[in-house]
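Data from structure.cif: mmCIF, C-alpha atoms
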```cif
data_run
loop_
_atom_site.label_atom_id
_atom_site.label_comp_id
_atom_site.auth_asym_id
_atom_site.auth_seq_id
_atom_site.Cartn_x
_atom_site.Cartn_y
_atom_site.Cartn_z
CA MET A 1 0.00 0.00 0.00
CA ASN A 2 2.70 2.44 1.11
CA ASN A 3 4.89 1.51 -1.81
CA SER A 4 2.14 1.99 -4.37
CA ILE A 5 1.42 5.51 -3.07
CA LEU A 6 5.10 6.40 -3.26
CA GLU A 7 5.41 4.87 -6.72
CA GLU A 8 2.48 6.98 -7.87
CA ILE A 9 4.12 10.12 -6.46
CA SER A 10 7.39 9.19 -8.12
CA ARG A 11 5.55 8.83 -11.42
CA LEU A 12 4.03 12.32 -11.01
CA ILE A 13 7.48 13.80 -10.34
CA ASN A 14 8.93 12.10 -13.41
CA GLN A 15 6.09 13.59 -15.46
CA LYS A 16 7.04 17.00 -13.98
CA LYS A 17 3.66 17.23 -12.23
CA ILE A 18 5.40 18.70 -9.23
CA HIS A 19 2.43 20.48 -7.70
CA GLU A 20 0.26 17.35 -7.83
CA ALA A 21 3.08 15.27 -6.37
CA GLN A 22 3.50 17.79 -3.59
CA ILE A 23 -0.19 17.59 -2.70
CA GLU A 24 -0.10 13.79 -2.62
CA LEU A 25 3.03 13.77 -0.44
CA SER A 26 1.54 16.24 2.01
CA LYS A 27 -1.34 13.80 2.62
CA LEU A 28 1.03 11.21 4.05
CA GLY A 29 1.30 11.03 7.83
CA SER A 30 4.12 10.78 10.33
CA GLU A 31 4.47 7.01 9.75
CA PHE A 32 6.39 7.98 6.59
CA HIS A 33 8.83 10.35 8.29
CA LYS A 34 11.53 7.67 8.62
CA ASN A 35 10.85 6.14 5.21
CA ILE A 36 13.84 6.83 2.96
CA GLU A 37 11.80 6.59 -0.26
CA TYR A 38 9.39 9.22 1.10
CA LEU A 39 12.30 11.46 2.11
CA TYR A 40 13.90 10.97 -1.29
CA LEU A 41 10.71 12.02 -3.08
CA ARG A 42 10.34 15.04 -0.80
CA SER A 43 13.89 16.08 -1.64
CA LYS A 44 13.15 15.71 -5.38
CA ILE A 45 10.23 18.10 -5.01
CA PHE A 46 12.33 20.57 -3.01
CA TYR A 47 14.99 20.37 -5.72
CA ALA A 48 12.44 20.94 -8.48
CA ASN A 49 11.35 24.10 -6.60
CA SER A 50 14.99 25.33 -6.39
CA LEU A 51 15.02 24.66 -2.64
CA TYR A 52 18.45 23.04 -2.86
CA TYR A 53 19.45 23.31 0.79
CA ILE A 54 16.18 21.89 2.10
CA ALA A 55 16.58 19.05 -0.42
CA LEU A 56 20.08 18.42 0.89
CA ASP A 57 18.99 18.47 4.55
CA THR A 58 16.18 16.03 3.75
CA LEU A 59 18.60 13.64 2.02
CA LEU A 60 21.06 13.84 4.89
CA ILE A 61 18.23 12.97 7.28
CA ALA A 62 17.33 10.03 4.99
CA THR A 63 20.84 8.62 5.50
CA GLU A 64 20.00 8.28 9.20
CA PHE A 65 17.33 5.72 8.40
CA GLY A 66 18.96 3.59 5.72
CA GLU A 67 21.42 3.34 2.86
CA ASP A 68 20.59 3.69 -0.79
CA ASP A 69 22.87 4.65 -3.66
CA LYS A 70 20.28 6.96 -5.16
CA ILE A 71 20.29 9.06 -1.95
CA TYR A 72 24.08 9.49 -2.08
CA ASN A 73 24.03 10.14 -5.82
CA PHE A 74 21.43 12.86 -5.37
CA ILE A 75 23.43 14.49 -2.55
CA SER A 76 26.46 14.42 -4.85
CA LYS A 77 24.45 15.97 -7.69
CA ILE A 78 23.28 18.84 -5.49
CA TYR A 79 26.78 19.59 -4.18
CA ASN A 80 28.00 19.72 -7.79
CA LEU A 81 25.21 22.13 -8.67
CA LEU A 82 26.08 24.33 -5.68
CA GLY A 83 29.67 24.50 -6.90
CA ASN A 84 31.24 22.30 -4.23
CA LYS A 85 32.74 19.79 -6.67
CA GLU A 86 35.07 18.22 -4.13
CA MET A 87 32.20 17.34 -1.82
CA GLY A 88 30.19 16.07 -4.80
CA LYS A 89 33.08 13.84 -5.84
CA LYS A 90 33.66 12.40 -2.37
CA ILE A 91 30.01 11.53 -1.87
CA ALA A 92 29.83 9.91 -5.32
CA ASN A 93 32.73 7.66 -4.33
CA PRO A 94 31.43 4.54 -2.45
CA ASP A 95 34.72 4.29 -0.54
CA LEU A 96 34.57 7.85 0.77
CA ARG A 97 30.89 8.62 1.07
CA LEU A 98 30.19 7.29 4.57
CA ALA A 99 33.11 9.12 6.15
CA THR A 100 32.19 12.29 4.26
CA ILE A 101 28.53 12.13 5.31
CA ASN A 102 29.53 11.52 8.93
CA PHE A 103 31.91 14.47 8.79
CA LEU A 104 29.12 16.64 7.39
CA LYS A 105 26.66 15.57 10.07
CA LYS A 106 29.15 16.45 12.79
CA GLU A 107 29.36 19.96 11.35
CA LEU A 108 25.62 20.33 10.80
CA THR A 109 24.23 20.14 14.31
CA GLY A 110 20.61 20.40 13.17
CA ILE A 111 20.54 17.24 11.04
CA SER A 112 20.89 14.29 13.40
CA GLN A 113 17.56 12.63 14.14
CA LYS A 114 18.71 10.84 17.30
CA GLY A 115 15.85 10.92 19.76
CA TYR A 116 13.35 11.77 17.02
CA SER A 117 9.92 10.27 17.67
CA PRO A 118 6.95 11.23 15.49
CA MET B 1 -6.83 54.51 29.16
CA ILE B 2 -4.37 52.56 26.98
CA LYS B 3 -2.06 50.37 29.09
CA LEU B 4 0.92 48.28 28.02
CA PHE B 5 1.81 45.08 29.82
CA TRP B 6 4.97 43.08 28.95
CA ASN B 7 4.11 39.51 29.87
CA THR B 8 6.63 37.27 28.06
CA HIS B 9 8.61 36.57 31.23
CA ASN B 10 5.51 35.41 33.13
CA GLN B 11 5.10 31.76 32.19
CA LYS B 12 3.56 28.72 33.88
CA LYS B 13 5.80 27.10 36.50
CA PRO B 14 7.25 23.77 35.28
CA ASN B 15 5.12 20.70 35.99
CA LEU B 16 7.51 18.39 37.83
CA ASP B 17 5.28 15.31 37.35
CA ASN B 18 5.20 15.33 33.57
CA ASN B 19 8.46 15.27 31.61
CA LYS B 20 6.97 16.28 28.26
CA THR B 21 4.96 19.20 29.66
CA ARG B 22 7.88 20.29 31.83
CA GLU B 23 10.21 20.44 28.83
CA LYS B 24 7.77 22.65 26.92
CA GLN B 25 7.19 24.89 29.95
CA LEU B 26 10.93 25.31 30.56
CA GLU B 27 11.30 26.24 26.89
CA ASN B 28 8.54 28.86 27.25
CA ILE B 29 10.27 30.32 30.32
CA ALA B 30 13.61 30.52 28.50
CA TRP B 31 12.09 32.15 25.41
CA GLY B 32 9.93 34.50 27.51
CA ASN B 33 13.03 35.80 29.27
CA TYR B 34 14.89 35.98 25.97
CA HIS B 35 12.17 38.18 24.43
CA LYS B 36 12.05 40.43 27.50
CA LYS B 37 15.80 40.96 27.30
CA ASN B 38 16.28 41.10 23.53
CA SER B 39 13.10 42.35 21.87
CA ASP B 40 12.13 45.31 24.07
CA LYS B 41 13.96 47.97 22.07
CA TRP B 42 12.42 46.75 18.81
CA ILE B 43 8.87 46.51 20.17
CA TYR B 44 9.06 49.91 21.83
CA GLU B 45 10.38 51.36 18.56
CA ILE B 46 7.39 50.13 16.56
CA LEU B 47 5.09 51.41 19.32
CA LYS B 48 6.78 54.82 19.25
CA LYS B 49 3.77 56.67 17.82
CA THR B 50 1.27 55.07 20.17
CA LYS B 51 0.60 56.61 23.58
CA TYR B 52 0.24 54.23 26.54
CA GLU B 53 1.02 53.78 30.22
CA ILE B 54 3.25 50.85 31.18
CA ILE B 55 1.91 48.51 33.86
CA ASN B 56 3.76 45.64 35.55
CA SER B 57 0.83 43.39 36.38
CA GLU B 58 -2.70 42.74 35.22
CA ILE B 59 -3.92 43.89 38.67
CA ASN B 60 -3.20 47.44 37.47
CA LEU B 61 -5.93 47.11 34.87
CA LYS B 62 -9.24 48.88 35.35
CA LYS B 63 -12.56 48.19 33.73
CA GLN B 64 -12.74 49.60 30.20
CA ASP B 65 -8.97 49.97 29.82
CA THR B 66 -7.49 49.19 26.42
CA LEU B 67 -4.66 46.71 26.81
CA ILE B 68 -1.58 46.31 24.66
CA ILE B 69 0.00 43.07 25.79
CA ILE B 70 3.41 41.79 24.66
CA ASP B 71 3.50 38.04 25.20
CA SER B 72 4.91 34.66 24.21
CA GLY B 73 3.94 31.04 24.94
CA VAL B 74 0.33 32.26 24.77
CA GLU B 75 -1.09 28.81 24.00
CA GLU B 76 -0.55 28.06 27.70
CA LYS B 77 -2.38 31.21 28.80
CA ILE B 78 -5.95 30.75 27.58
CA GLU B 79 -7.41 31.41 31.06
CA LEU B 80 -5.49 34.66 31.41
CA TYR B 81 -6.75 35.96 28.08
CA THR B 82 -10.32 34.99 28.89
CA LYS B 83 -10.01 36.92 32.17
CA LEU B 84 -8.40 39.94 30.49
CA ASN B 85 -11.19 40.01 27.94
CA ILE B 86 -13.73 40.40 30.75
CA ILE B 87 -11.82 43.30 32.33
CA CYS B 88 -10.63 45.26 29.30
CA SER B 89 -12.60 46.94 26.56
CA LYS B 90 -10.04 45.93 23.93
CA ILE B 91 -6.98 43.71 23.85
CA PHE B 92 -4.18 44.19 21.32
CA LEU B 93 -1.70 41.34 21.42
CA PHE B 94 1.92 41.40 20.26
CA HIS B 95 2.68 37.71 20.04
CA LEU B 96 6.43 37.07 20.01
CA GLY B 97 8.18 33.79 19.25
CA ASP B 98 6.21 30.82 17.85
CA GLU B 99 8.80 30.14 15.17
CA ALA B 100 7.37 26.72 14.26
CA GLY B 101 3.82 28.10 14.02
CA ILE B 102 2.14 24.74 14.59
CA ARG B 103 0.05 25.47 17.69
CA ASP B 104 -3.66 26.21 17.78
CA LEU B 105 -3.90 29.81 18.99
CA SER B 106 -7.56 30.42 18.19
CA GLU B 107 -8.67 30.30 21.86
CA VAL B 108 -6.24 33.12 22.69
CA TYR B 109 -6.55 35.17 19.51
CA LYS B 110 -10.37 35.21 19.73
CA ASN B 111 -10.11 37.34 22.89
CA CYS B 112 -8.11 40.01 21.08
CA VAL B 113 -9.33 42.81 18.82
CA PHE B 114 -6.13 42.57 16.81
CA VAL B 115 -2.93 40.55 16.90
CA TRP B 116 0.54 41.40 15.66
CA ARG B 117 2.76 38.37 15.50
CA THR B 118 6.28 37.46 14.45
CA PHE B 119 7.20 34.58 12.10
CA CYS B 120 4.63 34.84 9.35
CA SER B 121 3.12 31.76 7.70
CA SER B 122 0.52 31.06 5.03
CA GLY B 123 -2.50 31.62 7.28
CA TYR B 124 -1.33 35.08 8.30
CA PHE B 125 -0.17 36.77 5.07
CA ASN B 126 -3.70 38.00 4.34
CA ASN B 127 -5.59 37.90 7.60
CA ASP B 128 -8.09 40.55 8.76
CA LYS B 129 -7.28 40.10 12.41
CA VAL B 130 -3.62 39.13 12.45
CA LYS B 131 -0.75 41.06 10.93
CA CYS B 132 2.83 39.88 10.83
CA ILE B 133 5.60 42.11 12.06
CA PRO B 134 9.34 41.61 11.54
CA ILE B 135 11.06 39.83 14.45
CA GLY B 136 13.29 42.90 14.53
CA TYR B 137 16.80 43.38 15.87
CA LYS B 138 18.18 42.42 19.26
CA SER B 139 18.24 45.17 21.87
CA GLY B 140 21.58 46.97 21.91
CA ILE B 141 22.12 46.96 18.14
CA LEU B 142 22.89 50.52 17.11
CA ASN B 143 21.69 52.33 14.04
CA SER B 144 24.78 52.95 11.94
CA GLN B 145 25.11 54.24 8.40
CA GLN B 146 28.91 54.40 8.22
CA ASN B 147 30.36 54.31 4.70
CA ASN B 148 33.88 52.88 4.93
CA ARG B 149 33.62 49.24 5.87
CA LYS B 150 36.58 46.89 6.17
CA TYR B 151 34.77 43.51 5.94
CA LYS B 152 33.21 42.39 2.67
CA TRP B 153 30.85 40.05 4.54
CA ALA B 154 30.25 38.69 8.03
CA PHE B 155 28.52 35.75 9.65
CA THR B 156 27.89 34.98 13.29
CA GLY B 157 25.74 32.01 14.25
CA THR B 158 25.36 28.25 14.17
CA PRO B 159 25.98 26.38 10.89
CA HIS B 160 23.22 23.91 11.81
CA LYS B 161 22.11 22.93 8.31
CA SER B 162 23.38 22.71 4.73
CA SER B 163 22.69 26.30 3.75
CA ARG B 164 24.95 27.85 6.36
CA HIS B 165 27.64 25.24 5.73
CA ASP B 166 27.59 26.08 2.02
CA LEU B 167 27.55 29.81 2.76
CA LEU B 168 30.82 29.48 4.69
CA PHE B 169 32.30 27.24 1.97
CA GLN B 170 31.39 29.65 -0.83
CA PHE B 171 32.40 32.91 0.83
CA SER B 172 35.51 31.93 2.76
CA SER B 173 37.67 32.84 -0.27
CA ILE B 174 36.28 36.39 -0.30
CA GLU B 175 38.41 38.46 2.06
CA PRO B 176 38.43 40.33 4.36
CA TYR B 177 35.52 38.85 6.32
CA PHE B 178 34.41 38.25 9.89
CA CYS B 179 33.11 34.87 11.04
CA HIS B 180 32.13 33.68 14.50
CA LYS B 181 30.66 30.17 14.54
CA THR B 182 28.69 29.00 17.55
CA GLU B 183 27.62 25.48 18.49
CA LYS B 184 24.14 26.38 19.73
CA PHE B 185 21.70 29.27 19.48
CA ASP B 186 22.57 32.06 21.93
CA LYS B 187 25.58 30.14 23.37
CA LYS B 188 29.12 31.58 23.33
CA ILE B 189 27.94 34.50 21.24
CA ILE B 190 29.97 37.68 20.83
CA SER B 191 29.06 40.70 22.98
CA ILE B 192 26.59 43.25 21.68
CA ASP B 193 29.39 45.88 21.54
CA GLU B 194 31.53 43.60 19.41
CA MET B 195 28.49 42.80 17.26
CA ASN B 196 27.95 46.53 16.69
CA LYS B 197 31.60 46.93 15.69
CA VAL B 198 31.39 44.05 13.23
CA LEU B 199 28.09 45.16 11.69
CA SER B 200 29.17 48.77 11.24
CA SER B 201 32.36 47.49 9.53
CA THR B 202 30.66 45.10 7.09
CA GLU B 203 29.25 45.62 3.60
CA PHE B 204 27.15 42.47 3.04
CA ILE B 205 25.37 40.26 5.56
CA PRO B 206 24.27 36.87 4.24
CA CYS B 207 21.04 35.97 6.06
CA PRO B 208 20.45 32.22 5.79
CA ASN B 209 17.13 30.82 6.97
CA GLY B 210 16.58 30.11 10.66
CA PHE B 211 16.17 26.63 12.09
CA PHE B 212 12.40 26.37 11.50
CA HIS B 213 11.57 29.60 9.74
CA PRO B 214 13.21 31.88 7.14
CA GLU B 215 13.34 34.92 9.43
CA THR B 216 16.26 35.62 11.74
CA TYR B 217 17.31 38.66 13.78
CA ARG B 218 20.33 38.85 11.47
CA LEU B 219 18.33 40.48 8.66
CA TYR B 220 17.01 43.33 10.79
CA GLU B 221 20.36 43.83 12.52
CA ALA B 222 21.92 44.15 9.06
CA LEU B 223 19.33 46.74 8.02
CA GLU B 224 19.64 48.66 11.27
CA SER B 225 23.43 48.73 10.87
CA GLY B 226 23.47 49.89 7.26
CA CYS B 227 24.64 46.57 5.81
CA ILE B 228 23.26 45.05 2.61
CA PRO B 229 21.32 41.86 3.40
CA ILE B 230 21.51 38.82 1.14
CA VAL B 231 18.61 36.48 1.87
CA GLU B 232 17.62 33.00 0.76
CA ASN B 233 14.73 33.14 -1.66
CA ALA B 234 13.02 30.01 -0.31
CA TYR B 235 9.26 30.10 -0.92
CA GLN B 236 9.68 33.79 -1.95
CA TYR B 237 9.06 34.43 1.74
CA TYR B 238 10.47 37.95 1.85
CA ASP B 239 8.67 39.06 -1.29
CA ARG B 240 5.42 37.89 0.27
CA LEU B 241 6.15 39.55 3.61
CA PHE B 242 7.61 42.77 2.17
CA PRO B 243 6.57 43.31 -1.47
CA ASN B 244 9.13 45.55 -3.25
CA ASN B 245 11.87 44.99 -0.69
CA PRO B 246 15.41 45.82 -1.87
CA PHE B 247 17.19 42.73 -0.48
CA ILE B 248 19.50 40.66 -2.64
CA LYS B 249 17.85 37.24 -2.99
CA VAL B 250 19.53 33.98 -3.97
CA ASP B 251 18.58 30.32 -4.38
CA LYS B 252 22.16 29.28 -3.72
CA TRP B 253 25.02 31.17 -2.09
CA ALA B 254 27.32 30.79 -5.09
CA ASP B 255 24.99 33.23 -6.90
CA ALA B 256 25.95 35.97 -4.43
CA LYS B 257 29.70 35.59 -4.92
CA PRO B 258 29.94 37.91 -7.96
CA VAL B 259 28.02 40.56 -6.01
CA ILE B 260 30.20 40.46 -2.88
CA LYS B 261 33.40 40.13 -4.91
CA GLY B 262 32.58 42.34 -7.84
CA TRP B 263 30.45 45.29 -6.75
CA GLY B 264 32.28 48.60 -6.69
CA SER B 265 31.88 51.25 -4.00
CA ASP B 266 29.25 53.23 -5.97
CA GLN B 267 27.07 50.18 -6.48
CA ILE B 268 27.39 49.26 -2.81
CA LYS B 269 26.60 52.81 -1.69
CA GLU B 270 23.53 52.96 -3.91
CA LYS B 271 22.18 49.63 -2.63
CA ARG B 272 22.94 50.54 0.97
CA GLU B 273 20.99 53.79 0.60
CA LYS B 274 18.07 51.94 -0.99
CA CYS B 275 17.99 49.46 1.89
CA SER B 276 18.26 52.22 4.48
CA ILE B 277 15.43 54.30 2.97
CA TRP B 278 13.24 51.21 2.59
CA TRP B 279 13.84 50.08 6.19
CA ASN B 280 13.02 53.52 7.63
CA GLU B 281 9.84 53.70 5.54
CA GLU B 282 8.87 50.18 6.57
CA LYS B 283 9.31 50.99 10.26
CA ASN B 284 7.27 54.16 9.80
CA LYS B 285 4.47 52.23 8.11
CA ILE B 286 4.39 49.69 10.94
CA GLN B 287 4.35 52.47 13.58
CA ASP B 288 1.47 54.26 11.82
CA PHE B 289 -0.51 51.06 11.34
CA ILE B 290 -0.21 50.14 15.03
CA LYS B 291 -1.14 53.63 16.21
CA ASP B 292 -4.17 53.77 13.87
CA ARG B 293 -5.41 50.34 14.93
CA VAL B 294 -5.05 50.98 18.64
CA ILE B 295 -6.82 54.36 18.64
CA SER B 296 -9.53 53.38 16.15
#
```
Entire entry expressed as structure tokens:
Amino acid sequence: MNNSILEEISRLINQKKIHEAQIELSKLGSEFHKNIEYLYLRSKIFYANSLYYIALDTLLIATEFGEDDKIYNFISKIYNLLGNKEMGKKIANPDLRLATINFLKKELTGISQKGYSP
Amino acid sequence: MIKLFWNTHNQKKPNLDNNKTREKQLENIAWGNYHKKNSDKWIYEILKKTKYEIINSEINLKKQDTLIIIDSGVEEKIELYTKLNIICSKIFLFHLGDEAGIRDLSEVYKNCVFVWRTFCSSGYFNNDKVKCIPIGYKSGILNSQQNNRKYKWAFTGTPHKSSRHDLLFQFSSIEPYFCHKTEKFDKKIISIDEMNKVLSSTEFIPCPNGFFHPETYRLYEALESGCIPIVENAYQYYDRLFPNNPFIKVDKWADAKPVIKGWGSDQIKEKREKCSIWWNEEKNKIQDFIKDRVIS
């Protein structure tokens, strides 16, 4: 059930129906807040609305709840777009990405979700 | 008679039996004291054209008085507002804080003739009874319009999320600059005197979004100190709050680099003057609006 809703939203995003996707995502409750697919789709919508930093924060939060190459690749893509090529390169590299993400989270005190309970 | 009562520092005592409630109440106490200490100069400035008598307790209220109340954590004070509504002929609330904007305030707001609140959100941009005011500058920030400024840009605060981290990455090659990073909000901050020195010596102030909300004191401190603010354009928040504002707006900090690096002194002077004129006009408009509402 959950997956089919998220797949539908993903389809809307791919068709560039960003507003519709946004409405569908906003209907989902707090049970999705630790779901990395949900967080990934949210970040795609933020990105489509030029909200690059919120997209990045959302993806960094997603890494707290699971690992998925597409999350890291999207983080890398956003850092490249922002002009931080070195960061983009490190996160794209499977051997360096975990250490780089952990370093980032230490710097960004507002990202860690430890103690988060919806 | 119009009476003004500052009530942010009067909050419910912590409930020792309930951890969750206690945490929230302690937070309200901390923020209430913070507003009392840091927002008084700003609030009294926007109330400059309104005549009132200051009272220190609600017991100084008489029947038919008009009350201007400055408050925070109001969601915990429904009983007080119900009581005040029985005593006073009119209540005008200045609601400070509430950055997250997720609480139901209807039971408090319904007792007030009009509400001014900080941290605007969708429900308040066009509201007949509630008007958003800027969160303003911290008390002690001096108005300065000095021309020769040694720092190209300055940042003081906590790099808690990606935007601030990228800001420091992008701008650290643009010298000279001033940067003071803190680990937590309001902890190990620089003194207000030092802050005044930095602001009056800086051309551009990047104003990244706050933790929950786009607005931060930084923007209004920049304007008050004659700096040029560069804000994040997320959700076009500032264009909705202040149509025709002169701020520099960016989607990503790299877009501001050519401005900070490349603008000559004439361009900077012109923008600074635009910002200064706009800010003074904006403050005047707010003062007039408040005065007109209260005496109407």
Original post:
Which one of A:Asp57, A:Glu8, A:Asp95, A:Asp68 sits closest to chain B if you count all atoms listed in the file?
Top reply: A:Asp57
**OP:** Run through the PyMOL selection byres ((chain A) within 6 of (chain B)) on the given coordinates and return the selected residues as a list in words.
**Re:** Tyr53, Leu108, Thr109 and Gly110 of chain A
Original post:
Which polymer residues have any atom within 8 Å of an atom of Lys41 in chain B, counting all atoms listed in the file, with same-chain residues fewer than 5 positions away left out, as a list in words?
Top reply: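 So the residues in contact are Lys138, Ser139 and Gly140 of chain B.
For the pair CA of Gly29 in chain A and CA of Ile45 in chain A, the interatomic distance is 17.2 Å.
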Original post:
Between B:His9, B:Arg218, B:Val294, B:Gly73, which is the closest to Asp104 in chain B once you count all atoms listed in the file?
Top reply: B:Gly73
Subject >> Residue neighbourhood Tyr38 in chain A, 9 Å, all atoms listed in the file, exclusion window fewer than 5 positions, as a PyMOL selection string >> reply: chain A and resi 6+25+32-33+43+62
Subject >> Atom-to-atom span, CA of His180 in chain B and CA of Gly157 in chain B, Å >> reply: 6.6 Å
**OP:** Give the answer as one residue: which of B:Tyr109, B:Tyr137, B:Trp263, B:Trp116 has the shortest atom-to-atom distance to Ile70 in chain B, using all atoms listed in the file?
**Re:** B:Trp116
Original post:
Rounded to one decimal in Å, what is the spacing between CA of Gln287 in chain B and CA of Cys88 in chain B?
Top reply: 22.9 Å
Subject >> Residue IDs satisfying the PyMOL selection byres ((chain B and resi 125) around 12), as a PyMOL selection string >> reply: chain B and resi 116-124+126-133+237-243
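The nearest approach to Tyr40 in chain A among the residues A:Asn73, A:Asn93, A:Ser112, A:Asn80, with only C-alpha atoms taken into account, belongs to A:Asn73.
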**OP:** List the residues matched by the PyMOL selection byres ((chain A and resi 69) around 12) in the displayed structure as an MDAnalysis selection string, ordered by chain and then by residue number.
**Re:** chainID A and resid 36:37 40 59 62:63 66:68 70:76 91:94 97:98
**OP:** Within 7 Å of Tyr52 in chain A, counting only C-alpha atoms, which residues show up once you throw out same-chain ones fewer than 5 positions away? Write them as a ChimeraX atom specification, please.
**Re:** /A:46-47,78
Near-Trp153 in chain B list (12 Å; all atoms listed in the file; drop same-chain fewer than 4 positions) as a compact mmCIF listing (two decimals) with C-alpha atoms, in the frame of the given file:
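Output below, filename part_17.txt:
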```
# COMPACT_ATOMS: atom_id res chain seq x y z
CA ARG B 149 33.62 49.24 5.87
CA LEU B 167 27.55 29.81 2.76
CA LEU B 168 30.82 29.48 4.69
CA GLN B 170 31.39 29.65 -0.83
CA PHE B 171 32.40 32.91 0.83
CA SER B 172 35.51 31.93 2.76
CA SER B 173 37.67 32.84 -0.27
CA ILE B 174 36.28 36.39 -0.30
CA GLU B 175 38.41 38.46 2.06
CA PRO B 176 38.43 40.33 4.36
CA TYR B 177 35.52 38.85 6.32
CA PHE B 178 34.41 38.25 9.89
CA CYS B 179 33.11 34.87 11.04
CA HIS B 180 32.13 33.68 14.50
CA VAL B 198 31.39 44.05 13.23
CA LEU B 199 28.09 45.16 11.69
CA SER B 200 29.17 48.77 11.24
CA SER B 201 32.36 47.49 9.53
CA THR B 202 30.66 45.10 7.09
CA GLU B 203 29.25 45.62 3.60
CA PHE B 204 27.15 42.47 3.04
CA ILE B 205 25.37 40.26 5.56
CA PRO B 206 24.27 36.87 4.24
CA CYS B 207 21.04 35.97 6.06
CA ALA B 222 21.92 44.15 9.06
CA CYS B 227 24.64 46.57 5.81
CA ILE B 228 23.26 45.05 2.61
CA PRO B 229 21.32 41.86 3.40
CA ILE B 230 21.51 38.82 1.14
CA ALA B 256 25.95 35.97 -4.43
CA LYS B 257 29.70 35.59 -4.92
CA VAL B 259 28.02 40.56 -6.01
CA ILE B 260 30.20 40.46 -2.88
CA LYS B 261 33.40 40.13 -4.91
```
Give me the residues near range 45-55 of chain B as a PDB file with C-alpha atoms, keeping the file's coordinate frame, where near means some atom within 7 Å (using only C-alpha atoms) and where sequence neighbours in that chain fewer than 4 positions away do not count.
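Everything below was put into out.pdb:
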```
ATOM      1  CA  ILE B   2      -4.370  52.560  26.980  1.00  0.00           C
ATOM      2  CA  LYS B   3      -2.060  50.370  29.090  1.00  0.00           C
ATOM      3  CA  LEU B   4       0.920  48.280  28.020  1.00  0.00           C
ATOM      4  CA  PHE B   5       1.810  45.080  29.820  1.00  0.00           C
ATOM      5  CA  LYS B  41      13.960  47.970  22.070  1.00  0.00           C
ATOM      6  CA  ASN B  60      -3.200  47.440  37.470  1.00  0.00           C
ATOM      7  CA  LYS B 283       9.310  50.990  10.260  1.00  0.00           C
ATOM      8  CA  ILE B 286       4.390  49.690  10.940  1.00  0.00           C
ATOM      9  CA  GLN B 287       4.350  52.470  13.580  1.00  0.00           C
ATOM     10  CA  ASP B 288       1.470  54.260  11.820  1.00  0.00           C
ATOM     11  CA  ILE B 290      -0.210  50.140  15.030  1.00  0.00           C
ATOM     12  CA  LYS B 291      -1.140  53.630  16.210  1.00  0.00           C
TER      13      LYS B 291
END
```
Produce the centre coordinates and the three edge lengths, each in Å to one decimal, of the box along x, y and z that contains all listed atoms of range 139-151 of chain B with 4 Å added on each side, as lines of an AutoDock Vina configuration file.
```
center_x = 27.4
center_y = 49.0
center_z = 13.3
size_x = 26.3
size_y = 18.9
size_z = 25.2
```
Original post:
Which residue, B:Lys285, B:Lys197, B:Lys110, B:Lys181, has the smallest gap to Ile141 in chain B when you use all atoms listed in the file?
Top reply: B:Lys197
